[in-house]
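**Q** What follows is start-v4.txt, made up of compact mmCIF, C-alpha atoms:
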# COMPACT_ATOMS: atom_id res chain seq x y z
CA MET A 29 35.09 -0.62 5.06
CA SER A 30 35.93 1.51 2.04
CA ASP A 31 35.87 5.28 2.10
CA THR A 32 33.39 5.28 -0.77
CA ALA A 33 30.97 3.01 1.07
CA SER A 34 31.27 5.03 4.25
CA ASP A 35 30.67 8.26 2.39
CA HIS A 36 27.62 6.81 0.64
CA ALA A 37 26.02 5.65 3.89
CA ASN A 38 26.52 9.07 5.45
CA THR A 39 25.71 11.17 2.42
CA PRO A 40 23.85 14.28 3.58
CA VAL A 41 20.32 14.80 2.39
CA PRO A 42 20.43 16.82 -0.88
CA ASP A 43 18.78 19.84 0.71
CA ARG A 44 18.55 22.03 -2.39
CA ARG A 45 16.73 19.53 -4.57
CA THR A 46 14.67 18.26 -1.65
CA ARG A 47 13.54 21.77 -0.80
CA ALA A 48 12.43 22.20 -4.40
CA VAL A 49 10.86 18.82 -5.19
CA LEU A 50 9.10 17.80 -1.97
CA PRO A 51 6.99 21.01 -1.82
CA LEU A 52 6.09 20.47 -5.48
CA LEU A 53 4.98 16.93 -4.68
CA GLY A 54 2.94 18.28 -1.77
CA ALA A 55 1.33 20.82 -4.09
CA GLY A 56 0.58 18.02 -6.52
CA VAL A 57 -1.23 16.11 -3.78
CA VAL A 58 -3.31 19.19 -2.94
CA ALA A 59 -4.14 19.67 -6.63
CA ALA A 60 -5.11 16.00 -7.00
CA LEU A 61 -7.35 16.19 -3.93
CA THR A 62 -8.98 19.37 -5.23
CA CYS A 63 -9.76 17.68 -8.54
CA ALA A 64 -11.02 14.57 -6.78
CA LEU A 65 -13.46 16.59 -4.69
CA SER A 66 -14.56 18.87 -7.54
CA LEU A 67 -14.87 16.43 -10.45
CA GLY A 68 -17.37 13.64 -10.89
CA SER A 69 -20.75 12.93 -12.42
CA THR A 70 -21.82 16.27 -10.88
CA PRO A 71 -19.05 18.89 -11.20
CA LEU A 72 -18.64 21.21 -8.21
CA PRO A 73 -16.72 24.50 -8.23
CA PRO A 74 -13.65 24.42 -5.95
CA ALA A 75 -15.06 27.39 -4.05
CA GLU A 76 -18.20 25.41 -3.21
CA VAL A 77 -16.10 22.42 -2.15
CA ALA A 78 -14.09 24.70 0.15
CA ALA A 79 -17.31 26.10 1.61
CA VAL A 80 -18.52 22.56 2.33
CA LEU A 81 -15.25 21.48 3.93
CA PHE A 82 -14.69 24.56 6.07
CA GLY A 83 -18.32 25.40 6.83
CA THR A 84 -18.18 28.89 5.33
CA GLY A 85 -21.05 30.60 3.56
CA ASP A 86 -24.22 28.66 2.82
CA PRO A 87 -23.24 25.54 0.84
CA ASP A 88 -25.79 23.53 -1.10
CA PRO A 89 -26.94 20.51 1.02
CA ARG A 90 -26.72 18.32 -2.06
CA ALA A 91 -23.12 19.40 -2.65
CA ALA A 92 -22.34 18.76 1.02
CA ALA A 93 -23.72 15.22 0.75
CA ILE A 94 -21.69 14.53 -2.39
CA VAL A 95 -18.45 15.80 -0.86
CA TRP A 96 -18.76 14.30 2.62
CA GLU A 97 -20.38 10.97 1.80
CA VAL A 98 -18.84 10.09 -1.56
CA ARG A 99 -15.86 12.07 -2.74
CA LEU A 100 -13.92 12.81 0.45
CA PRO A 101 -13.86 9.16 1.64
CA ARG A 102 -12.86 8.08 -1.87
CA ALA A 103 -10.08 10.68 -2.05
CA LEU A 104 -8.72 9.85 1.41
CA THR A 105 -8.78 6.15 0.57
CA GLY A 106 -6.79 6.78 -2.60
CA LEU A 107 -4.35 9.04 -0.76
CA LEU A 108 -3.62 6.45 1.93
CA ALA A 109 -3.61 3.48 -0.43
CA GLY A 110 -1.20 5.10 -2.89
CA ALA A 111 1.17 6.20 -0.14
CA ALA A 112 1.10 2.73 1.45
CA LEU A 113 1.67 0.82 -1.80
CA GLY A 114 4.44 3.17 -2.92
CA LEU A 115 6.23 2.84 0.41
CA ALA A 116 5.87 -0.95 0.46
CA GLY A 117 7.21 -1.12 -3.10
CA LEU A 118 10.23 1.03 -2.23
CA GLN A 119 11.13 -1.18 0.71
CA MET A 120 10.75 -4.38 -1.28
CA GLN A 121 12.86 -3.10 -4.19
CA THR A 122 15.65 -2.14 -1.82
CA LEU A 123 15.49 -5.36 0.20
CA LEU A 124 15.41 -7.63 -2.85
CA ARG A 125 17.74 -5.39 -4.91
CA ASN A 126 15.35 -5.80 -7.83
CA PRO A 127 13.68 -2.90 -9.68
CA LEU A 128 10.70 -5.12 -10.51
CA ALA A 129 9.96 -6.12 -6.92
CA GLU A 130 6.75 -5.02 -5.24
CA PRO A 131 4.77 -6.29 -2.24
CA TYR A 132 2.32 -8.29 -4.34
CA VAL A 133 5.15 -10.36 -5.81
CA LEU A 134 5.37 -12.10 -2.42
CA GLY A 135 1.80 -13.32 -2.63
CA VAL A 136 -0.19 -10.66 -0.75
CA SER A 137 -2.61 -10.07 -3.61
CA SER A 138 -3.00 -13.80 -4.29
CA GLY A 139 -3.66 -14.47 -0.61
CA ALA A 140 -6.33 -11.78 -0.45
CA SER A 141 -7.90 -13.17 -3.60
CA LEU A 142 -7.93 -16.61 -2.03
CA GLY A 143 -9.82 -15.29 1.00
CA VAL A 144 -12.42 -13.60 -1.19
CA ALA A 145 -12.68 -16.65 -3.46
CA LEU A 146 -13.46 -18.81 -0.44
CA VAL A 147 -16.32 -16.43 0.36
CA VAL A 148 -17.53 -16.65 -3.24
CA LEU A 149 -17.51 -20.45 -3.17
CA ALA A 150 -19.31 -20.62 0.18
CA ALA A 151 -21.92 -18.16 -1.06
CA GLY A 152 -22.47 -20.18 -4.21
CA ALA A 153 -22.75 -23.44 -2.31
CA GLY A 154 -25.16 -22.00 0.21
CA GLY A 155 -27.24 -20.11 -2.31
CA GLY A 156 -26.85 -16.88 -0.35
CA THR A 157 -25.32 -13.52 -1.05
CA PHE A 158 -21.74 -12.75 -1.99
CA THR A 159 -20.62 -12.68 1.63
CA ALA A 160 -22.88 -15.38 2.97
CA GLY A 161 -19.82 -17.51 3.69
CA LEU A 162 -19.03 -15.24 6.64
CA VAL A 163 -22.45 -15.56 8.26
CA GLY A 164 -23.92 -12.42 6.82
CA LEU A 165 -21.16 -10.06 7.90
CA GLY A 166 -21.50 -8.18 4.61
CA ARG A 167 -18.63 -5.89 3.59
CA PRO A 168 -16.74 -6.32 6.89
CA GLY A 169 -16.82 -10.04 6.20
CA LEU A 170 -15.33 -9.50 2.75
CA VAL A 171 -12.57 -7.33 4.21
CA LEU A 172 -11.86 -9.91 6.90
CA ALA A 173 -11.68 -12.67 4.30
CA ALA A 174 -9.19 -10.72 2.17
CA ALA A 175 -7.10 -9.73 5.19
CA PHE A 176 -7.04 -13.30 6.50
CA GLY A 177 -5.98 -14.68 3.13
CA ALA A 178 -3.20 -12.11 2.71
CA GLY A 179 -2.00 -12.67 6.27
CA ALA A 180 -1.99 -16.44 5.89
CA VAL A 181 0.13 -16.34 2.73
CA MET A 182 2.57 -13.85 4.24
CA ALA A 183 2.85 -16.00 7.39
CA LEU A 184 3.81 -18.91 5.13
CA ILE A 185 6.41 -16.76 3.33
CA LEU A 186 7.88 -15.64 6.67
CA LEU A 187 8.00 -19.24 7.85
CA LEU A 188 9.81 -20.37 4.71
CA ALA A 189 12.18 -17.40 5.00
CA ARG A 190 13.66 -18.99 8.12
CA TRP A 191 15.34 -21.63 5.93
CA THR A 192 17.08 -19.24 3.53
CA SER A 193 19.35 -16.24 3.85
CA SER A 194 19.14 -15.34 0.16
CA VAL A 195 16.75 -12.56 -0.85
CA VAL A 196 16.73 -13.95 -4.41
CA THR A 197 15.57 -17.32 -3.12
CA LEU A 198 12.95 -15.58 -1.02
CA LEU A 199 11.71 -13.71 -4.09
CA VAL A 200 11.41 -16.94 -6.07
CA ILE A 201 9.62 -18.64 -3.16
CA GLY A 202 7.16 -15.75 -3.02
CA VAL A 203 6.45 -15.98 -6.74
CA MET A 204 5.94 -19.74 -6.53
CA VAL A 205 3.65 -19.53 -3.51
CA GLY A 206 1.67 -16.79 -5.25
CA SER A 207 1.33 -18.99 -8.33
CA VAL A 208 0.06 -21.93 -6.28
CA VAL A 209 -2.45 -19.73 -4.44
CA SER A 210 -3.64 -18.23 -7.74
CA SER A 211 -4.20 -21.76 -9.07
CA VAL A 212 -6.29 -22.61 -6.02
CA VAL A 213 -8.31 -19.42 -6.59
CA SER A 214 -8.99 -20.46 -10.19
CA ILE A 215 -10.22 -23.87 -9.02
CA LEU A 216 -12.48 -22.32 -6.37
CA ILE A 217 -13.95 -19.82 -8.81
CA SER A 218 -14.77 -22.59 -11.27
CA TYR A 219 -17.30 -23.92 -8.73
CA ALA A 220 -18.93 -20.57 -7.97
CA ARG A 221 -22.12 -19.18 -9.47
CA ALA A 222 -21.83 -16.87 -12.48
CA GLU A 223 -23.13 -13.83 -10.59
CA ASP A 224 -20.67 -14.43 -7.75
CA VAL A 225 -17.80 -14.78 -10.21
CA GLN A 226 -18.81 -11.43 -11.70
CA ARG A 227 -18.68 -9.78 -8.28
CA PHE A 228 -15.29 -11.37 -7.62
CA VAL A 229 -13.95 -10.09 -10.93
CA LEU A 230 -15.22 -6.58 -10.14
CA TRP A 231 -13.47 -6.72 -6.76
CA GLY A 232 -10.29 -7.81 -8.51
CA LEU A 233 -10.33 -4.71 -10.70
CA GLY A 234 -9.72 -2.49 -7.66
CA SER A 235 -11.67 0.53 -6.44
CA PHE A 236 -11.31 3.43 -4.02
CA SER A 237 -15.05 4.11 -4.13
CA ALA A 238 -16.34 1.34 -1.86
CA THR A 239 -14.69 2.64 1.32
CA GLY A 240 -16.86 4.75 3.62
CA TRP A 241 -16.17 6.51 6.90
CA SER A 242 -16.76 3.36 8.94
CA ASP A 243 -14.13 1.57 6.84
CA LEU A 244 -11.68 4.47 7.13
CA ALA A 245 -11.92 4.22 10.92
CA TRP A 246 -9.98 0.93 10.55
CA PHE A 247 -8.17 1.53 7.27
CA ALA A 248 -6.47 4.83 8.17
CA PRO A 249 -5.02 3.98 11.63
CA VAL A 250 -3.52 0.68 10.42
CA LEU A 251 -1.82 2.27 7.41
CA VAL A 252 -0.61 5.32 9.31
CA ALA A 253 0.87 3.11 12.05
CA ALA A 254 2.62 0.91 9.47
CA MET A 255 4.01 3.95 7.64
CA LEU A 256 5.32 5.40 10.91
CA LEU A 257 6.97 2.07 11.64
CA SER A 258 8.66 2.32 8.25
CA ALA A 259 10.53 5.40 9.48
CA PHE A 260 12.63 3.13 11.69
CA LEU A 261 13.75 1.19 8.59
CA VAL A 262 15.34 4.16 6.83
CA LYS A 263 18.91 3.68 8.12
CA PRO A 264 19.00 -0.12 7.69
CA LEU A 265 17.63 0.18 4.14
CA ASN A 266 20.25 2.78 3.29
CA ALA A 267 22.91 0.36 4.49
CA LEU A 268 21.38 -2.45 2.43
CA LEU A 269 21.81 -0.38 -0.74
CA LEU A 270 25.42 -1.56 -0.78
CA GLY A 271 24.58 -5.17 0.01
CA GLU A 272 23.99 -7.33 3.04
CA ALA A 273 27.71 -7.84 3.73
CA TYR A 274 28.28 -4.10 3.97
CA ALA A 275 25.15 -3.66 6.08
CA ARG A 276 26.43 -6.24 8.57
CA THR A 277 29.71 -4.34 8.91
CA MET A 278 27.61 -1.31 9.85
CA GLY A 279 26.00 -3.31 12.66
CA VAL A 280 22.70 -3.93 10.86
CA ARG A 281 20.93 -7.14 11.83
CA THR A 282 20.03 -8.05 8.27
CA SER A 283 17.83 -11.02 9.15
CA ALA A 284 15.70 -8.92 11.52
CA VAL A 285 15.48 -6.12 8.96
CA ARG A 286 14.37 -8.56 6.26
CA TRP A 287 11.61 -9.96 8.45
CA THR A 288 10.49 -6.48 9.47
CA VAL A 289 10.40 -5.17 5.89
CA ILE A 290 8.39 -8.18 4.72
CA ALA A 291 5.97 -7.88 7.64
CA VAL A 292 5.47 -4.13 7.19
CA GLY A 293 5.10 -4.51 3.42
CA ALA A 294 2.53 -7.25 3.94
CA LEU A 295 0.61 -5.11 6.41
CA LEU A 296 0.59 -2.12 4.07
CA ALA A 297 -0.30 -4.01 0.89
CA GLY A 298 -2.60 -6.49 2.62
CA THR A 299 -4.65 -3.75 4.24
CA VAL A 300 -5.01 -1.89 0.95
CA THR A 301 -5.99 -5.10 -0.85
CA ALA A 302 -8.54 -6.00 1.78
CA PHE A 303 -10.36 -2.68 1.47
CA CYS A 304 -9.70 -1.67 -2.15
CA GLY A 305 -8.99 -4.90 -3.99
CA PRO A 306 -5.62 -5.74 -5.60
CA VAL A 307 -4.59 -2.32 -6.91
CA ALA A 308 -1.92 -2.87 -9.56
CA PHE A 309 1.25 -1.01 -10.58
CA LEU A 310 1.34 1.66 -7.86
CA GLY A 311 3.76 -0.31 -5.70
CA LEU A 312 5.96 -0.91 -8.73
CA ALA A 313 5.87 2.43 -10.54
CA VAL A 314 5.75 5.01 -7.73
CA PRO A 315 9.24 4.29 -6.28
CA HIS A 316 10.77 4.74 -9.74
CA LEU A 317 8.92 8.02 -10.22
CA ALA A 318 10.20 9.25 -6.87
CA ARG A 319 13.79 8.31 -7.70
CA ILE A 320 13.57 10.19 -11.00
CA ALA A 321 12.09 13.28 -9.34
CA LEU A 322 14.50 13.34 -6.39
CA ARG A 323 17.57 11.84 -8.12
CA THR A 324 18.69 9.95 -5.06
CA ALA A 325 18.59 6.49 -3.52
CA ASP A 326 18.70 7.91 0.02
CA HIS A 327 15.65 6.67 1.91
CA ARG A 328 15.69 9.75 4.14
CA VAL A 329 14.49 11.62 1.06
CA LEU A 330 12.75 8.83 -0.82
CA VAL A 331 10.38 7.82 1.98
CA PRO A 332 8.55 11.19 2.19
CA GLY A 333 8.86 11.53 -1.58
CA VAL A 334 7.24 8.15 -2.22
CA VAL A 335 4.45 8.84 0.29
CA LEU A 336 3.59 12.12 -1.47
CA MET A 337 4.07 10.75 -4.98
CA GLY A 338 2.05 7.61 -4.27
CA GLY A 339 -0.80 9.51 -2.66
CA GLY A 340 -1.01 12.05 -5.47
CA VAL A 341 -0.83 9.50 -8.28
CA ALA A 342 -3.44 7.25 -6.65
CA VAL A 343 -5.89 10.10 -6.10
CA ALA A 344 -5.42 11.24 -9.70
CA CYS A 345 -5.99 7.69 -11.01
CA GLY A 346 -9.10 7.38 -8.85
CA THR A 347 -10.46 10.63 -10.29
CA VAL A 348 -9.85 9.52 -13.87
CA ALA A 349 -11.51 6.16 -13.11
CA VAL A 350 -14.84 7.82 -12.28
CA LEU A 351 -14.91 9.50 -15.73
CA PRO A 352 -15.82 13.02 -14.58
CA GLY A 353 -18.87 14.48 -16.25
CA THR A 354 -20.04 11.22 -17.84
CA GLY A 355 -21.54 9.23 -15.00
CA GLY A 356 -19.51 6.19 -16.08
CA VAL A 357 -16.80 4.28 -14.23
CA LEU A 358 -13.58 2.66 -15.42
CA PRO A 359 -11.83 -0.20 -13.60
CA LEU A 360 -9.18 1.36 -11.38
CA ASN A 361 -6.56 -1.17 -12.44
CA ALA A 362 -7.12 -0.25 -16.07
CA VAL A 363 -6.15 3.33 -15.25
CA THR A 364 -3.17 2.42 -13.04
CA ALA A 365 -1.89 0.02 -15.72
CA LEU A 366 -2.15 2.67 -18.43
CA VAL A 367 -0.20 5.07 -16.22
CA GLY A 368 2.20 2.63 -14.58
CA ALA A 369 3.25 0.28 -17.38
CA PRO A 370 4.75 2.95 -19.71
CA ILE A 371 6.54 4.53 -16.75
CA VAL A 372 8.15 1.27 -15.70
CA ILE A 373 9.11 0.41 -19.29
CA GLY A 374 10.67 3.82 -19.80
CA VAL A 375 12.53 3.73 -16.50
CA LEU A 376 13.95 0.28 -17.17
CA LEU A 377 15.01 1.15 -20.71
CA ASN A 378 17.00 4.20 -19.70
CA GLY A 379 18.60 2.42 -16.77
CA ARG A 380 17.44 4.73 -14.00
CA ALA A 381 15.80 1.94 -12.02
CA ALA A 382 18.94 -0.11 -11.77
CA LYS A 383 20.91 2.93 -10.64
CA GLY A 384 18.35 3.73 -7.99
CA VAL A 385 18.29 0.24 -6.47
CA ASN A 386 21.78 -1.08 -7.12
CA PRO A 387 24.39 1.65 -6.60
Please express the file's structure as structure tokens.

**A**
Amino acid sequence: MSDTASDHANTPVPDRRTRAVLPLLGAGVVAALTCALSLGSTPLPPAEVAAVLFGTGDPDPRAAAIVWEVRLPRALTGLLAGAALGLAGLQMQTLLRNPLAEPYVLGVSSGASLGVALVVLAAGAGGGTFTAGLVGLGRPGLVLAAAFGAGAVMALILLLARWTSSVVTLLVIGVMVGSVVSSVVSILISYARAEDVQRFVLWGLGSFSATGWSDLAWFAPVLVAAMLLSAFLVKPLNALLLGEAYARTMGVRTSAVRWTVIAVGALLAGTVTAFCGPVAFLGLAVPHLARIALRTADHRVLVPGVVLMGGGVAVACGTVAVLPGTGGVLPLNAVTALVGAPIVIGVLLNGRAAKGVNP
């Protein structure tokens, strides 16, 4: 083992920059949440929002209903979804040593779309509602369909991963499986009714607004548990920064780590997709933003940084998507693409992404 490699693996956390940047990211999350709760078709002063949240003074009942029933669930959904997608993207980019890797590249989004498309087709064939294919389960049925589709595709990827030790081969397999699943989705949609296709397309645009408190009771615990599990992957991922051969000399069971990262990434991205639709670009762009802000590839710093950055960016995008003060709504993926695509292009052009993933 070289002295340089050993020093890199044991590099101390850059305390000075971390102490400066992480609190700023935390403040950014608070600012994004404040805007999310204050801005909308009916603007509310931050003081009134605080009165509603903390039960002080005599808040307007209408304002309380807006905050508690609409804006707070939407903001919390965005916060959790952004943190989860950013973390899953970071892990995938490190595992696959590819700055363009993200959880959806392994077929999670396509699998969820397949589950929802099956519901669309069944509804069209039976002449019922959008979720009639799941015996009238309504929104829970839609979530179950998306989760089942994402889980089925990821199970297939994990099964195929047993026959290869190459992360590049695994990446290509994921892309190919995703392409096949997307083709099946296109075929299924061609047999659905026009109104059902429209609902499917709207689901595919992504949204943080359709998640209520009953959904968060499932959504939040699953994502929090998966993110806590990710804490145990910090040391192995740091070792993988210098390649699988080096990681094995450090005692890392690379095969087990690969399976765990894929499973955790699938759980994070699949859960978000099931509840919010296939939200684009956050899993790809957020890790690069965190690396630029923190100037390190150390996962001990990047993991909390990505969680904060992802949550803040997602909440901000969700706020922009509701077009405050107009009563209109933009597709969430249109906003995330406008934010994420230029960031990724800029990062790749100046070479920061490659430095962050491949030391």

**Q** Residues near Gly202 (chain A), anyone? I mean within 10 Å using only C-alpha atoms, not counting same-chain ones fewer than 4 positions away, as a list in words.

**A** Pro131, Tyr132, Val133, Leu134, Gly135, Val136, Val181, Met182, Leu184, Ile185, Leu186, Leu188, Ala189, Val196, Thr197, Leu198, Gly206, Ser207 and Val208 of chain A

**Q** Pick from A:Leu257, A:Val289, A:Val331, A:Leu310: nearest to Val363 (chain A), with only C-alpha atoms counted?

**A**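 The shortest atom-to-atom distance to Val363 (chain A) comes from A:Leu310.
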
**Q** One decimal, Å: what's the distance from CA of Ala291 (chain A) over to CA of Cys345 (chain A), could you say?

**A**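 Spanning CA of Ala291 (chain A) to CA of Cys345 (chain A) is a straight-line distance of 27.1 Å.
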
**Q** Do you know which residues are at most 6 Å from Gly234 (chain A) counting all atoms listed in the file, after dropping those on the same chain fewer than 2 positions away, and could you put them as a list in words?

**A**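 Neighbouring residues, sequence-local ones excluded: Trp231, Gly232, Cys304, Gly305, Pro306, Val307, Leu360 and Asn361 of chain A.
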
**Q** Residues around (17.2, -7.8, 8.5), cut-off 12 Å, counting all atoms listed in the file - what are they as number ranges by chain?

**A** A: 119, 122-124, 189-190, 193-195, 261, 263-265, 267-268, 271-273, 275-276, 279-291

**Q** Please identify all polymer residues within 7 Å of Leu61 (chain A), counting all atoms listed in the file, omitting same-chain residues fewer than 4 positions from it, and present them as a tab-separated table (two decimals) with C-alpha atoms, in the coordinates of the input.

**A**
chain	number	residue	atom	x	y	z
A	57	VAL	CA	-1.23	16.11	-3.78
A	65	LEU	CA	-13.46	16.59	-4.69
A	103	ALA	CA	-10.08	10.68	-2.05
A	343	VAL	CA	-5.89	10.10	-6.10

**Q** Kindly indicate which residue among A:Leu312, A:Val225, A:Val49, A:Val250 lies nearest to Met120 (chain A), using all atoms listed in the file for the distances.

**A**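 Residue with the minimum atom-to-atom distance to Met120 (chain A): A:Leu312.
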
**Q** Which residues come within 10 Å of Phe228 (chain A), counting only C-alpha atoms, excluding same-chain residues fewer than 6 positions away, as an NGL selection string?

**A** :A and (141 or 144-145 or 147-148 or 158 or 217 or 220 or 222 or 305)

**Q** Taking into account all atoms listed in the file, which residue in the set A:Ala79, A:Ala253, A:Val334, A:Ala129 is nearest to Val200 (chain A)?

**A** A:Ala129
